[in-house]
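See structure below.
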Protein chains: 2
Amino acid sequence: MPTDHLSSTFAALADPTRRDILARLISGEATVTELAEPFDISGPAISRHLKVLERAGLIARGREAQWRPCRIEGARLKDVDDWLDRYRRLWEERFDRIDDYLRDLQKGGTNDHGN
Amino acid sequence: MPTDHLSSTFAALADPTRRDILARLISGEATVTELAEPFDISGPAISRHLKVLERAGLIARGREAQWRPCRIEGARLKDVDDWLDRYRRLWEERFDRIDDYLRDLQKGGTNDHGN
């Protein structure tokens, strides 16, 4: 198991069911039963996914022994957002280049065809 | 192994060495030897990491049989950025709430102390 925060976060996100669970929690807290409902997998399987998400700090769970509702925690996802920062220029520059190209094309069009 | 793109991307990013390799590639193409240099791990171990990154579409490699320089590919990271979009309000709203709180505090300060 990865030990650094970012590695555990990415490992926890590397599963479509866990990402679906997170997406569901955007709209508010939910119990395990509520979270299991849309999935064709067992309660224990959902619990295992929740444990991975909880260990990674992506969700937190209430203290009520029976219900323990889950809620999403934004901090770890913000870490991913911060980590992505230095890579953004890879696609932003690309779009800038496309913009430049289109601008040049437009200028060329004005010169060549007078419109 | 995960089969959907986003899962392979997250799985590939769940390792600090692979993230370091990506960070190195921001400044330009590099050969396996150059990429291995800063790490205290074997050439074959680096090659395995590169294979994971390549399969996930995070890097691409040149065709020259001997050198096969690696370069970073932004598209998959942009997918992560797009995926994060719906979660951003989790921390942005939080900051908005802190802003509101500080604004209220400031207003209160003006009323109570006249400064």
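For the structure tokens, the naming scheme is as follows: chains receive sequential letters (A, B, ...) according to their order of presentation, residues are indexed from 1 within each chain, and ligands are indexed from 1 in presentation order.
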
Tell me, counting only C-alpha atoms, for each residue of chain A within 7 Å of chain B, which pair of atoms is nearest and how far apart they are in Å to one decimal, in rows ordered by chain and increasing number, as JSON lines.
{"residue": "A:Ser7", "atom": "CA", "partner": "B:Ala14", "partner_atom": "CA", "distance": 4.1}
{"residue": "A:Ser8", "atom": "CA", "partner": "B:Ala14", "partner_atom": "CA", "distance": 6.6}
{"residue": "A:Phe10", "atom": "CA", "partner": "B:Ala14", "partner_atom": "CA", "distance": 4.8}
{"residue": "A:Ala11", "atom": "CA", "partner": "B:Ala14", "partner_atom": "CA", "distance": 5.2}
{"residue": "A:Leu13", "atom": "CA", "partner": "B:Phe10", "partner_atom": "CA", "distance": 6.2}
{"residue": "A:Ala14", "atom": "CA", "partner": "B:Ser7", "partner_atom": "CA", "distance": 4.1}
{"residue": "A:Asp15", "atom": "CA", "partner": "B:Ser7", "partner_atom": "CA", "distance": 5.5}
{"residue": "A:Pro16", "atom": "CA", "partner": "B:Ser7", "partner_atom": "CA", "distance": 6.8}
{"residue": "A:Gly74", "atom": "CA", "partner": "B:Leu90", "partner_atom": "CA", "distance": 5.5}
{"residue": "A:Lys78", "atom": "CA", "partner": "B:Trp91", "partner_atom": "CA", "distance": 7.0}
{"residue": "A:Leu90", "atom": "CA", "partner": "B:Gly74", "partner_atom": "CA", "distance": 5.5}
{"residue": "A:Trp91", "atom": "CA", "partner": "B:Gly74", "partner_atom": "CA", "distance": 5.9}

Could you write those residues out with all heavy atoms, as a compact mmCIF listing (two decimals), in the first residue's frame?
# COMPACT_ATOMS: atom_id res chain seq x y z
N SER A 7 -0.18 9.37 -3.20
CA SER A 7 -0.26 8.02 -3.75
C SER A 7 -1.52 7.30 -3.28
O SER A 7 -2.19 6.64 -4.08
CB SER A 7 0.99 7.21 -3.38
OG SER A 7 2.13 7.76 -3.98
N SER A 8 -1.86 7.40 -1.99
CA SER A 8 -3.09 6.75 -1.52
C SER A 8 -4.32 7.37 -2.18
O SER A 8 -5.28 6.66 -2.47
CB SER A 8 -3.29 6.85 -0.01
OG SER A 8 -2.15 7.18 0.67
N PHE A 10 -4.49 8.81 -5.23
CA PHE A 10 -4.58 8.33 -6.60
C PHE A 10 -4.99 6.85 -6.64
O PHE A 10 -5.81 6.45 -7.47
CB PHE A 10 -3.25 8.53 -7.34
CG PHE A 10 -3.01 9.96 -7.79
CD1 PHE A 10 -1.82 10.61 -7.52
CD2 PHE A 10 -3.98 10.64 -8.51
CE1 PHE A 10 -1.59 11.91 -7.95
CE2 PHE A 10 -3.77 11.95 -8.95
CZ PHE A 10 -2.57 12.58 -8.66
N ALA A 11 -4.44 6.04 -5.74
CA ALA A 11 -4.80 4.61 -5.71
C ALA A 11 -6.29 4.45 -5.43
O ALA A 11 -6.97 3.62 -6.05
CB ALA A 11 -3.96 3.88 -4.67
N LEU A 13 -8.62 6.52 -6.13
CA LEU A 13 -9.42 7.03 -7.26
C LEU A 13 -9.34 6.12 -8.49
O LEU A 13 -10.11 6.29 -9.44
CB LEU A 13 -8.95 8.44 -7.65
CG LEU A 13 -9.17 9.54 -6.59
CD1 LEU A 13 -8.56 10.85 -7.07
CD2 LEU A 13 -10.65 9.72 -6.29
N ALA A 14 -8.42 5.13 -8.45
CA ALA A 14 -8.21 4.25 -9.61
C ALA A 14 -9.25 3.15 -9.69
O ALA A 14 -8.94 2.01 -10.03
CB ALA A 14 -6.79 3.66 -9.56
N ASP A 15 -10.48 3.45 -9.37
CA ASP A 15 -11.55 2.46 -9.41
C ASP A 15 -12.88 3.16 -9.71
O ASP A 15 -13.27 4.09 -8.97
CB ASP A 15 -11.63 1.74 -8.05
CG ASP A 15 -12.71 0.69 -8.04
OD1 ASP A 15 -13.90 1.07 -7.91
OD2 ASP A 15 -12.39 -0.50 -8.18
N PRO A 16 -13.58 2.73 -10.77
CA PRO A 16 -14.80 3.43 -11.17
C PRO A 16 -15.90 3.41 -10.11
O PRO A 16 -16.63 4.39 -9.98
CB PRO A 16 -15.25 2.69 -12.44
CG PRO A 16 -14.45 1.43 -12.50
CD PRO A 16 -13.22 1.63 -11.68
N GLY A 74 -13.13 17.37 0.85
CA GLY A 74 -12.52 17.98 -0.34
C GLY A 74 -11.00 18.13 -0.31
O GLY A 74 -10.37 18.26 -1.36
N LYS A 78 -8.34 18.54 -3.41
CA LYS A 78 -7.67 19.82 -3.65
C LYS A 78 -6.16 19.60 -3.82
O LYS A 78 -5.51 20.26 -4.62
CB LYS A 78 -7.95 20.80 -2.50
CG LYS A 78 -7.42 22.19 -2.84
CD LYS A 78 -7.63 23.20 -1.75
CE LYS A 78 -7.12 24.58 -2.18
NZ LYS A 78 -5.77 24.58 -2.76
N LEU A 90 0.67 22.29 -20.16
CA LEU A 90 0.78 21.33 -21.26
C LEU A 90 -0.41 21.42 -22.20
O LEU A 90 -0.27 21.33 -23.40
CB LEU A 90 0.86 19.89 -20.72
CG LEU A 90 2.11 19.47 -19.96
CD1 LEU A 90 1.94 18.06 -19.44
CD2 LEU A 90 3.34 19.56 -20.85
N TRP A 91 -1.63 21.55 -21.64
CA TRP A 91 -2.78 21.66 -22.55
C TRP A 91 -3.20 23.11 -22.77
O TRP A 91 -3.72 23.45 -23.81
CB TRP A 91 -3.95 20.78 -22.13
CG TRP A 91 -4.45 20.93 -20.71
CD1 TRP A 91 -5.44 21.76 -20.29
CD2 TRP A 91 -4.01 20.21 -19.57
NE1 TRP A 91 -5.62 21.60 -18.94
CE2 TRP A 91 -4.77 20.65 -18.47
CE3 TRP A 91 -3.04 19.24 -19.36
CZ2 TRP A 91 -4.59 20.17 -17.18
CZ3 TRP A 91 -2.86 18.75 -18.08
CH2 TRP A 91 -3.63 19.21 -17.00

Open item on the list: Applying 8 Å and only C-alpha atoms, which residues near A:Pro69 remain after dropping the ones on its own chain fewer than 5 positions away? List them as a PyMOL selection string.
Closed with: chain A and resi 29-32+61-62+64

Task: Neighbour list for B:Ala60 as a PyMOL selection string, cut-off 10 Å, only C-alpha atoms, skip fewer than 3 positions in-chain - done: chain B and resi 29+50-51+53-57+63+68-73

TODO: Could you please determine the separation between atom CA of B:Ile21 and atom CA of B:Ala36 in Å, to one decimal place?
DONE: 8.7 Å

- [ ] Can you check which residues of chain B DSSP gives as strand (DSSP E) on the backbone and send them as JSON, numbers by chain?
- [x] {"B": [59, 60, 61, 70, 71, 72]}

- [ ] In Å, rounded to a single decimal, give me how far atom CA of A:Leu25 is from atom CA of B:Glu93.
- [x]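 These two atoms are separated by 15.7 Å.
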